[in-house]
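Report on the following structure.
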Amino acid sequence: MTRPTTARSLVLVVTTALAAAALAVPAQAHHRGSAGSPPVVTPRAETPVLHDDDAGGDADADDPAIWRNAAAPGRSLVIATAKEGGLRVYDLDARPVQSIAAPPAAGPDDAPGRFNNVDLVQGLRLSTGRADLAVTSDRGHDRLRFYRIDRDRPGGPLTDVTDPAAPAVFSRDQAEVNDQRTAYGLATWTDPASGTSFALVSRRERTSITLLELLPAAGGKVTYRTVRTLDLPATFRLPDGTSWAPCGEPGELPQVEGMVVDPANGTLYAGQEDIGIWRLRADLTGTPRLVDKVREYGVPGVYDEETEECTPGADPGFGGTRISSDVEGLTLLTESDGDGYLLASSQGDNTFAAYDREFADHNEYEGGFRVAPASAVLDGSEECDGAAALNAPLGAKYPHGLLVVQDGHDAPGDGDRPATNFKFVDLGLVLTALDD
């Protein structure tokens, strides 16, 4: 999530979208951008707007996942986090199917539940049989939450199956939980050799990533245990021999949020927001490699306590050229021949970057695109936090697959009221844009 204390701070006009999803299908489009700008794709639908204020239940769209209904692909679901607003479930028309509240605070002075990121596990063995699960990081309580998926269950497809005794991920006690250096980014992974499923979880305002083994508990519940933890660098040696760390609030380290695992080779891609994209083994062994850097990499900054903002210095030119901090919304677009793309949200310039999935091509940059407005009432995506791609037929609406992206500033607006939602994009348009 973009933080106002970084050197990329912008004065944003926050707008509000229409209260209902745009269910009418607009003319979808893909076209080349102007000289020097990436190609453009437009969404087909959007979810109802969420408002991060008291009247809106402090709901703030963040991260989506796409669950494919193998028996009836046209009845697949999008499961998405809304932070303190909990979880939202949508059908392929972007219409709400279910809303799940985040758990309440443990006590009157404690932090409330806050669902940050979500991912899926297919066929996890529970004490009651195998099940597909939605897994979410509850930043407010520093725990993982698990929801069994049953598309036709009366009352909604998701059922909470979290073991009440599931431990905190990083914190030793409630006081540490309340400091909110807690479970943040999330990606799931099933080791094909052992069939064991894991969650990889990053820590807010820290560089840590921990590997959690997912375990069945009594009564069809799910818990987890820590396998190992890895810390990415917080300071970096620049080509001129100097040491650099990104500017931020005192005590705040460059965190990771966007993460995804390539199931074909057990590779974790992790977006360190102010640094770039790392490639490492999903079991957190071996040495991480920085695949690409953000443009702001190496830029010095001075934090101002009064304004709570960073003033950037001169750019020494050590950064990358394709993504702007924060780098977030990592998702994998796989193809049947083993090829495909790693997609990353470049928040700083409202674009998406695509990298080759193949190791043999060294995750080479393959191009980018932007999600632009389809009409006056169906806008594009700005400052995208989370994204999910599924390259599989999803019925008549999305025969070429689906890309879901968060929109950090939904439009048209309603004064200064915060407004976010999710945009649904025909994946065929994205593939065409990247192939141009």
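Quick note on naming: the chains in the structure tokens go A, B, ... in the order shown, residues restart at 1 in each chain, and ligands are numbered from 1 in order of appearance.
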I'd like to know which residues of range 243-350 of chain A are strand (DSSP E) (by DSSP, run on the backbone); could you write them as an NGL selection string? :A and (243-244 or 256-262 or 267-272 or 276-281 or 289-293 or 301-304 or 309-312 or 327-334 or 340-346)
Store the residues picked out above, limited to C-alpha atoms, as a compact mmCIF listing (two decimals), in the first residue's frame.
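Written out: again-v7.txt:
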# COMPACT_ATOMS: atom_id res chain seq x y z
CA SER A 243 25.28 2.66 1.45
CA TRP A 244 21.61 3.48 0.84
CA VAL A 256 7.33 -6.70 1.19
CA GLU A 257 3.67 -7.05 0.22
CA GLY A 258 3.05 -8.43 -3.26
CA MET A 259 4.14 -12.08 -3.54
CA VAL A 260 3.42 -15.03 -5.83
CA VAL A 261 4.85 -18.55 -6.22
CA ASP A 262 5.42 -20.22 -9.59
CA THR A 267 10.02 -19.97 -7.16
CA LEU A 268 8.80 -17.12 -4.98
CA TYR A 269 8.65 -13.62 -6.44
CA ALA A 270 8.45 -10.93 -3.76
CA GLY A 271 7.92 -7.21 -4.27
CA GLN A 272 9.91 -5.14 -1.77
CA GLY A 276 12.18 -3.96 -6.55
CA ILE A 277 11.25 -7.58 -7.31
CA TRP A 278 13.14 -10.46 -5.70
CA ARG A 279 13.34 -14.05 -6.96
CA LEU A 280 14.04 -16.78 -4.41
CA ARG A 281 13.16 -20.35 -3.55
CA ARG A 289 18.22 -12.42 -6.49
CA LEU A 290 16.94 -8.95 -7.38
CA VAL A 291 15.20 -9.33 -10.74
CA ASP A 292 14.45 -5.63 -11.28
CA LYS A 293 14.72 -2.38 -9.33
CA GLY A 301 15.68 11.30 1.10
CA VAL A 302 15.26 13.26 4.30
CA TYR A 303 12.27 12.60 6.57
CA ASP A 304 10.47 15.64 7.98
CA GLU A 309 6.97 13.21 4.45
CA CYS A 310 10.30 12.57 2.76
CA THR A 311 12.06 15.14 0.64
CA PRO A 312 13.96 13.34 -2.13
CA VAL A 327 5.94 -2.25 -6.58
CA GLU A 328 2.94 -4.39 -5.61
CA GLY A 329 0.24 -6.67 -6.99
CA LEU A 330 2.45 -9.54 -8.19
CA THR A 331 0.58 -12.29 -10.03
CA LEU A 332 1.52 -15.09 -12.42
CA LEU A 333 0.04 -15.47 -15.88
CA THR A 334 0.82 -19.05 -16.88
CA GLY A 340 3.92 -16.96 -19.43
CA TYR A 341 4.48 -13.77 -17.49
CA LEU A 342 5.07 -12.41 -14.04
CA LEU A 343 2.87 -9.31 -13.78
CA ALA A 344 3.68 -6.51 -11.33
CA SER A 345 1.73 -3.40 -10.41
CA SER A 346 3.87 -0.29 -10.76
Residue contacts of range 297-300 of chain A (10 Å, only C-alpha atoms) excluding same-chain residues fewer than 3 positions away, as a count of residues only: 29
At most 10 Å is the cut-off: for each residue in range 151-262 of chain A with any atom that close to an atom of range 127-138 of chain A, write down the nearest atom pair and the distance in Å rounded to one decimal, counting only C-alpha atoms, chain first then increasing number, as JSON lines.
{"residue": "A:Leu158", "atom": "CA", "partner": "A:Ala134", "partner_atom": "CA", "distance": 8.1}
{"residue": "A:Thr159", "atom": "CA", "partner": "A:Leu133", "partner_atom": "CA", "distance": 9.2}
{"residue": "A:Asp160", "atom": "CA", "partner": "A:Ala134", "partner_atom": "CA", "distance": 9.4}
{"residue": "A:Val161", "atom": "CA", "partner": "A:Leu133", "partner_atom": "CA", "distance": 8.9}
{"residue": "A:Thr162", "atom": "CA", "partner": "A:Val135", "partner_atom": "CA", "distance": 9.5}
{"residue": "A:Ala168", "atom": "CA", "partner": "A:Asp138", "partner_atom": "CA", "distance": 9.8}
{"residue": "A:Val169", "atom": "CA", "partner": "A:Ser137", "partner_atom": "CA", "distance": 9.5}
{"residue": "A:Thr182", "atom": "CA", "partner": "A:Asp138", "partner_atom": "CA", "distance": 8.4}
{"residue": "A:Ala183", "atom": "CA", "partner": "A:Ser137", "partner_atom": "CA", "distance": 5.8}
{"residue": "A:Tyr184", "atom": "CA", "partner": "A:Ser137", "partner_atom": "CA", "distance": 6.1}
{"residue": "A:Gly185", "atom": "CA", "partner": "A:Ser137", "partner_atom": "CA", "distance": 7.1}
{"residue": "A:Leu186", "atom": "CA", "partner": "A:Ser137", "partner_atom": "CA", "distance": 6.5}
{"residue": "A:Ala187", "atom": "CA", "partner": "A:Val135", "partner_atom": "CA", "distance": 8.8}
{"residue": "A:Thr188", "atom": "CA", "partner": "A:Val135", "partner_atom": "CA", "distance": 8.0}
{"residue": "A:Ala199", "atom": "CA", "partner": "A:Val135", "partner_atom": "CA", "distance": 8.4}
{"residue": "A:Val201", "atom": "CA", "partner": "A:Ser137", "partner_atom": "CA", "distance": 7.7}
{"residue": "A:Ser202", "atom": "CA", "partner": "A:Ser137", "partner_atom": "CA", "distance": 9.4}
{"residue": "A:Leu215", "atom": "CA", "partner": "A:Ser127", "partner_atom": "CA", "distance": 9.8}
{"residue": "A:Pro216", "atom": "CA", "partner": "A:Ser127", "partner_atom": "CA", "distance": 6.2}
{"residue": "A:Ala217", "atom": "CA", "partner": "A:Ser127", "partner_atom": "CA", "distance": 6.7}
{"residue": "A:Ala218", "atom": "CA", "partner": "A:Ser127", "partner_atom": "CA", "distance": 6.3}
{"residue": "A:Gly219", "atom": "CA", "partner": "A:Ser127", "partner_atom": "CA", "distance": 6.4}
{"residue": "A:Gly220", "atom": "CA", "partner": "A:Ser127", "partner_atom": "CA", "distance": 4.9}
{"residue": "A:Lys221", "atom": "CA", "partner": "A:Ser127", "partner_atom": "CA", "distance": 7.6}
{"residue": "A:Val222", "atom": "CA", "partner": "A:Ser127", "partner_atom": "CA", "distance": 9.1}
Written file, previous selection with N, CA and C atoms, as a PDB file, in the first residue's frame:
ATOM      1  N   LEU A 158     -18.279 -19.207   1.434  1.00  0.00           N
ATOM      2  CA  LEU A 158     -17.157 -19.283   2.359  1.00  0.00           C
ATOM      3  C   LEU A 158     -17.609 -19.622   3.768  1.00  0.00           C
ATOM      4  N   THR A 159     -16.878 -20.537   4.405  1.00  0.00           N
ATOM      5  CA  THR A 159     -17.109 -20.913   5.794  1.00  0.00           C
ATOM      6  C   THR A 159     -15.786 -20.817   6.541  1.00  0.00           C
ATOM      7  N   ASP A 160     -15.775 -20.144   7.675  1.00  0.00           N
ATOM      8  CA  ASP A 160     -14.559 -19.989   8.474  1.00  0.00           C
ATOM      9  C   ASP A 160     -14.165 -21.337   9.076  1.00  0.00           C
ATOM     10  N   VAL A 161     -12.935 -21.797   8.755  1.00  0.00           N
ATOM     11  CA  VAL A 161     -12.428 -23.047   9.315  1.00  0.00           C
ATOM     12  C   VAL A 161     -11.091 -22.816  10.018  1.00  0.00           C
ATOM     13  N   THR A 162     -10.891 -21.611  10.535  1.00  0.00           N
ATOM     14  CA  THR A 162      -9.658 -21.289  11.250  1.00  0.00           C
ATOM     15  C   THR A 162      -9.661 -21.942  12.632  1.00  0.00           C
ATOM     16  N   ALA A 168      -0.071 -16.501  16.697  1.00  0.00           N
ATOM     17  CA  ALA A 168       0.367 -15.292  16.001  1.00  0.00           C
ATOM     18  C   ALA A 168       1.525 -15.657  15.071  1.00  0.00           C
ATOM     19  N   VAL A 169       1.621 -14.965  13.954  1.00  0.00           N
ATOM     20  CA  VAL A 169       2.660 -15.283  12.976  1.00  0.00           C
ATOM     21  C   VAL A 169       4.010 -14.725  13.409  1.00  0.00           C
ATOM     22  N   THR A 182       3.011  -6.833  11.778  1.00  0.00           N
ATOM     23  CA  THR A 182       2.282  -8.098  11.781  1.00  0.00           C
ATOM     24  C   THR A 182       2.199  -8.697  10.384  1.00  0.00           C
ATOM     25  N   ALA A 183       1.455  -9.808  10.256  1.00  0.00           N
ATOM     26  CA  ALA A 183       1.289 -10.498   8.984  1.00  0.00           C
ATOM     27  C   ALA A 183       0.726  -9.545   7.933  1.00  0.00           C
ATOM     28  N   TYR A 184       1.335  -9.507   6.757  1.00  0.00           N
ATOM     29  CA  TYR A 184       1.022  -8.483   5.761  1.00  0.00           C
ATOM     30  C   TYR A 184       0.782  -9.127   4.390  1.00  0.00           C
ATOM     31  N   GLY A 185       1.822  -9.240   3.579  1.00  0.00           N
ATOM     32  CA  GLY A 185       1.671  -9.900   2.290  1.00  0.00           C
ATOM     33  C   GLY A 185       1.535 -11.403   2.443  1.00  0.00           C
ATOM     34  N   LEU A 186       0.971 -12.065   1.407  1.00  0.00           N
ATOM     35  CA  LEU A 186       0.680 -13.495   1.511  1.00  0.00           C
ATOM     36  C   LEU A 186       0.708 -14.156   0.139  1.00  0.00           C
ATOM     37  N   ALA A 187       1.322 -15.338   0.082  1.00  0.00           N
ATOM     38  CA  ALA A 187       1.233 -16.202  -1.092  1.00  0.00           C
ATOM     39  C   ALA A 187       1.196 -17.642  -0.615  1.00  0.00           C
ATOM     40  N   THR A 188       0.449 -18.497  -1.286  1.00  0.00           N
ATOM     41  CA  THR A 188       0.396 -19.911  -0.932  1.00  0.00           C
ATOM     42  C   THR A 188       1.197 -20.723  -1.938  1.00  0.00           C
ATOM     43  N   ALA A 199       2.062 -21.393   3.401  1.00  0.00           N
ATOM     44  CA  ALA A 199       1.811 -19.972   3.163  1.00  0.00           C
ATOM     45  C   ALA A 199       3.097 -19.222   3.426  1.00  0.00           C
ATOM     46  N   VAL A 201       4.438 -15.505   4.243  1.00  0.00           N
ATOM     47  CA  VAL A 201       3.842 -14.311   4.818  1.00  0.00           C
ATOM     48  C   VAL A 201       4.929 -13.288   5.104  1.00  0.00           C
ATOM     49  N   SER A 202       4.714 -12.065   4.657  1.00  0.00           N
ATOM     50  CA  SER A 202       5.665 -10.991   4.953  1.00  0.00           C
ATOM     51  C   SER A 202       5.195 -10.204   6.173  1.00  0.00           C
ATOM     52  N   LEU A 215      -1.647 -26.958   8.352  1.00  0.00           N
ATOM     53  CA  LEU A 215      -1.890 -28.240   9.006  1.00  0.00           C
ATOM     54  C   LEU A 215      -3.372 -28.420   9.328  1.00  0.00           C
ATOM     55  N   PRO A 216      -3.880 -29.648   9.201  1.00  0.00           N
ATOM     56  CA  PRO A 216      -5.265 -29.906   9.622  1.00  0.00           C
ATOM     57  C   PRO A 216      -5.360 -29.917  11.141  1.00  0.00           C
ATOM     58  N   ALA A 217      -6.482 -29.431  11.652  1.00  0.00           N
ATOM     59  CA  ALA A 217      -6.782 -29.482  13.075  1.00  0.00           C
ATOM     60  C   ALA A 217      -8.117 -30.194  13.250  1.00  0.00           C
ATOM     61  N   ALA A 218      -8.501 -30.428  14.486  1.00  0.00           N
ATOM     62  CA  ALA A 218      -9.727 -31.175  14.761  1.00  0.00           C
ATOM     63  C   ALA A 218     -10.948 -30.439  14.215  1.00  0.00           C
ATOM     64  N   GLY A 219     -11.970 -31.227  13.854  1.00  0.00           N
ATOM     65  CA  GLY A 219     -13.235 -30.650  13.429  1.00  0.00           C
ATOM     66  C   GLY A 219     -13.199 -29.939  12.097  1.00  0.00           C
ATOM     67  N   GLY A 220     -12.275 -30.338  11.205  1.00  0.00           N
ATOM     68  CA  GLY A 220     -12.190 -29.703   9.896  1.00  0.00           C
ATOM     69  C   GLY A 220     -11.552 -28.331   9.903  1.00  0.00           C
ATOM     70  N   LYS A 221     -10.897 -27.955  11.004  1.00  0.00           N
ATOM     71  CA  LYS A 221     -10.237 -26.650  11.106  1.00  0.00           C
ATOM     72  C   LYS A 221      -8.820 -26.714  10.535  1.00  0.00           C
ATOM     73  N   VAL A 222      -8.198 -25.542  10.391  1.00  0.00           N
ATOM     74  CA  VAL A 222      -6.855 -25.438   9.825  1.00  0.00           C
ATOM     75  C   VAL A 222      -5.989 -24.571  10.730  1.00  0.00           C
TER      76      VAL A 222
END
Quick one: residues within 7 Å of Trp67 in chain A, only C-alpha atoms counted, chain neighbours fewer than 3 positions away excluded, as a PyMOL selection string? chain A and resi 76-78
Quick one: write out the picked residues with all heavy atoms as a PDB file, in the first residue's frame?
ATOM      1  N   SER A  76     -17.610 -19.300 -11.404  1.00  0.00           N
ATOM      2  CA  SER A  76     -16.409 -19.075 -10.608  1.00  0.00           C
ATOM      3  C   SER A  76     -16.565 -17.817  -9.764  1.00  0.00           C
ATOM      4  O   SER A  76     -17.520 -17.043  -9.944  1.00  0.00           O
ATOM      5  CB  SER A  76     -15.185 -18.979 -11.515  1.00  0.00           C
ATOM      6  OG  SER A  76     -14.994 -20.196 -12.235  1.00  0.00           O
ATOM      7  N   LEU A  77     -15.618 -17.595  -8.861  1.00  0.00           N
ATOM      8  CA  LEU A  77     -15.729 -16.508  -7.891  1.00  0.00           C
ATOM      9  C   LEU A  77     -14.438 -15.708  -7.811  1.00  0.00           C
ATOM     10  O   LEU A  77     -13.347 -16.231  -8.062  1.00  0.00           O
ATOM     11  CB  LEU A  77     -16.038 -17.074  -6.502  1.00  0.00           C
ATOM     12  CG  LEU A  77     -17.326 -17.868  -6.324  1.00  0.00           C
ATOM     13  CD1 LEU A  77     -17.335 -18.562  -4.962  1.00  0.00           C
ATOM     14  CD2 LEU A  77     -18.545 -16.950  -6.478  1.00  0.00           C
ATOM     15  N   VAL A  78     -14.578 -14.450  -7.430  1.00  0.00           N
ATOM     16  CA  VAL A  78     -13.455 -13.605  -7.049  1.00  0.00           C
ATOM     17  C   VAL A  78     -13.586 -13.316  -5.562  1.00  0.00           C
ATOM     18  O   VAL A  78     -14.625 -12.832  -5.100  1.00  0.00           O
ATOM     19  CB  VAL A  78     -13.426 -12.295  -7.856  1.00  0.00           C
ATOM     20  CG1 VAL A  78     -12.338 -11.358  -7.325  1.00  0.00           C
ATOM     21  CG2 VAL A  78     -13.197 -12.590  -9.336  1.00  0.00           C
TER      22      VAL A  78
END
Residue among A:Leu144, A:Gln174, A:Arg153, A:Gln180 lying closest to Leu212 in chain A, counting only C-alpha atoms: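 For Leu212 in chain A, the nearest of the given residues is A:Leu144.
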Between A:Asp283, A:Glu305, A:Asp93, A:Glu213, which one has atoms that come closest to Pro43 in chain A, using only C-alpha atoms?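 Checking each of A:Asp283, A:Glu305, A:Asp93, A:Glu213 against Pro43 in chain A, counting only C-alpha atoms, the winner is A:Asp93.
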A:Glu308, A:Glu382, A:Asp173, A:Glu296 ranked by distance to Pro250 in chain A, top pick (using only C-alpha atoms):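 Ranking A:Glu308, A:Glu382, A:Asp173, A:Glu296 by distance to Pro250 in chain A, first place goes to A:Glu308.
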When distances are computed from only C-alpha atoms, which of A:Gln406, A:Ser37, A:Ser381, A:Thr226 shows the smallest separation from Asn350 in chain A?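 Among A:Gln406, A:Ser37, A:Ser381, A:Thr226, it is A:Ser381 that comes nearest to Asn350 in chain A.
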